[in-house]
Amino acid sequence: MALTAVIRVPSRALLRPWARLRDAALGWIEPAGGGGVEVSAQRFASQKVLVEPDPAAGVAVMKFKNPPVNSLSLELLTELVISLEKLENDKTVRGVVLTSDCPGIFSAGLDLTEMCGRNPAHYAEYWKAVQEMWLRLYLSNLVLVAAINGASPAGGCLIALTCDYRVMADNPKYCIGLNETLLGIVAPFWFKDNLVNTIGHRASERALQLGLLFPPTEALQVGMVDKVVPKDQVQSTALSVLAQWMAIPDHARQLTKNMMRKPTADRLLKQRDADIQNFVSFISRDSIQKSLQMYLEKLKQKKG
Ligand SMILES: CCCCCCCCCC/C=C/CC(=O)SCCNC(=O)CCNC(=O)[C@H](O)C(C)(C)COP(=O)(O)OP(=O)(O)OC[C@H]1O[C@@H](n2cnc3c(N)ncnc32)[C@H](O)[C@@H]1OP(=O)(O)O
């Protein structure tokens, strides 16, 4: 990946302690003496989230890279939020394409190993990171376009739903949807709200109860994605769409986006702690742990 953009990062001495942890996570190194440092965009490419900025176009492509299936581990979620925050603060970037670096998979959703056989403190930490990811993406001031170049179940679908526009590859093997009920779990109310805001109440009720995973043409019909194109055109189409959205003055578009989305985000913001407690007690139940274990086993056996 050849990247040439230069990003100015303030001296670590001026940053809060968490920012030092962030720098370490992203592999930024400050030379002795401090005083601010220029890092090449290559440094910006962290391990699980690759960011390819194009300052001339005012856009960036963010690629998830957590093989084999881009499951949303705590590490990936943390990097995603940090990378997004950095792009939000970068005046040269107004729009981002979210896509995958893993062939055939956009994201397999939440990492089941983060929700199985761990302790309540871990579940709470994990769920807070999932909430944070959703809130940051859903309320982002940037134009976000999802280039869905593979399967996108559950949490993968949620990421796509936070975007302003979704382009999906036309391969019928790629499916998208909130399939939580198939795992014996329940989509949280804010997953549901995001879906209802996208495809409407009746279609959501059916899709959520049945845990439907839609192939691209059906996803288009129901309004879960906005455009279906051949696989090799997914990213270029997403970039064209981004350019169209970026033709609108930022302030007007951002205020409108906020007006449309804030009430939905506020529902979670008002009860974040209670939502974490609900998740922890739900996921800690023996019956739920058994269901998730069985589901994971089934995924593993599929190969053999
Ligand atoms: C009333 C109270 C309310 C309280 C609220 C509580 C709410 C709880 C809700 C929690 C919300 C959860 C949302 C989610 O996102 S759950 C995750 C759902 N994801 C899935 O169902 C996808 C599962 N995966 C697949 O279908 C397929 O893997 C795939 C993505 C279609 C890819 O298929 P492929 O054949 O290419 O790959 P494999 O299936 O062979 O998988 C390769 C290895 O990856 C492991 N794997 C797959 N998915 C996950 C995952 N999500 N997390 C962790 N690991 C995963 C798989 O086991 C293979 O591992 P192996 O190599 O060790 O065998």
# chains A, B, ... in the order shown; residues from 1 in each chain; ligands from 1

$ select_by_dssp --residues "segment 204-276 of chain A" --states "helix (DSSP H, G or I)" --output "PyMOL selection string"
chain A and resi 204-210+216-222+231-246+250-269+272-276

$ residues_near_ligand --ligand "ligand 1" --cutoff "7 Å" --atoms "only C-alpha atoms and all ligand atoms" --output "PyMOL selection string"
chain A and resi 68-69+71+105+107-113+151-156+179-180+183+185-188+278-279+282-283+296+299-300+302-303

$ select_by_dssp --residues "segment 94-185 of chain A" --states "strand (DSSP E)" --output "tab-separated table (two decimals) with C-alpha atoms, in the first residue's frame"
chain	number	residue	atom	x	y	z
A	95	GLY	CA	-16.10	11.35	3.70
A	96	VAL	CA	-15.12	7.75	4.36
A	97	VAL	CA	-15.77	4.45	2.63
A	98	LEU	CA	-15.98	1.52	5.08
A	99	THR	CA	-15.02	-1.81	3.57
A	100	SER	CA	-13.19	-5.05	4.22
A	104	GLY	CA	-15.61	-12.51	0.72
A	105	ILE	CA	-16.41	-11.19	4.20
A	143	VAL	CA	-20.31	11.09	5.04
A	144	LEU	CA	-20.02	7.33	5.53
A	145	VAL	CA	-20.57	4.89	2.67
A	146	ALA	CA	-20.40	1.13	3.20
A	147	ALA	CA	-18.77	-0.87	0.41
A	148	ILE	CA	-20.10	-4.30	1.37
A	150	GLY	CA	-18.77	-9.85	1.40
A	151	ALA	CA	-21.00	-11.50	3.99
A	152	SER	CA	-22.35	-9.09	6.55
A	153	PRO	CA	-24.34	-10.79	9.32
A	165	TYR	CA	-25.40	4.78	1.92
A	166	ARG	CA	-24.72	1.10	1.27
A	167	VAL	CA	-23.26	-0.44	-1.90
A	168	MET	CA	-23.18	-4.25	-1.98
A	169	ALA	CA	-21.42	-6.76	-4.22
A	176	ILE	CA	-26.68	-9.29	5.07
A	177	GLY	CA	-29.06	-9.03	8.01

$ closest_residue --among "A:Lys128, A:Lys231, A:Lys63, A:Arg94" --to "Ala247 of chain A" --atoms "only C-alpha atoms"
A:Arg94

$ atom_distance --atom1 "atom CA of Trp127 of chain A" --atom2 "atom CA of Pro215 of chain A"
28.3 Å

$ closest_residue --among "A:Ala56, A:Lys65, A:Gln209, A:Leu142" --to "Trp245 of chain A" --atoms "only C-alpha atoms"
A:Leu142
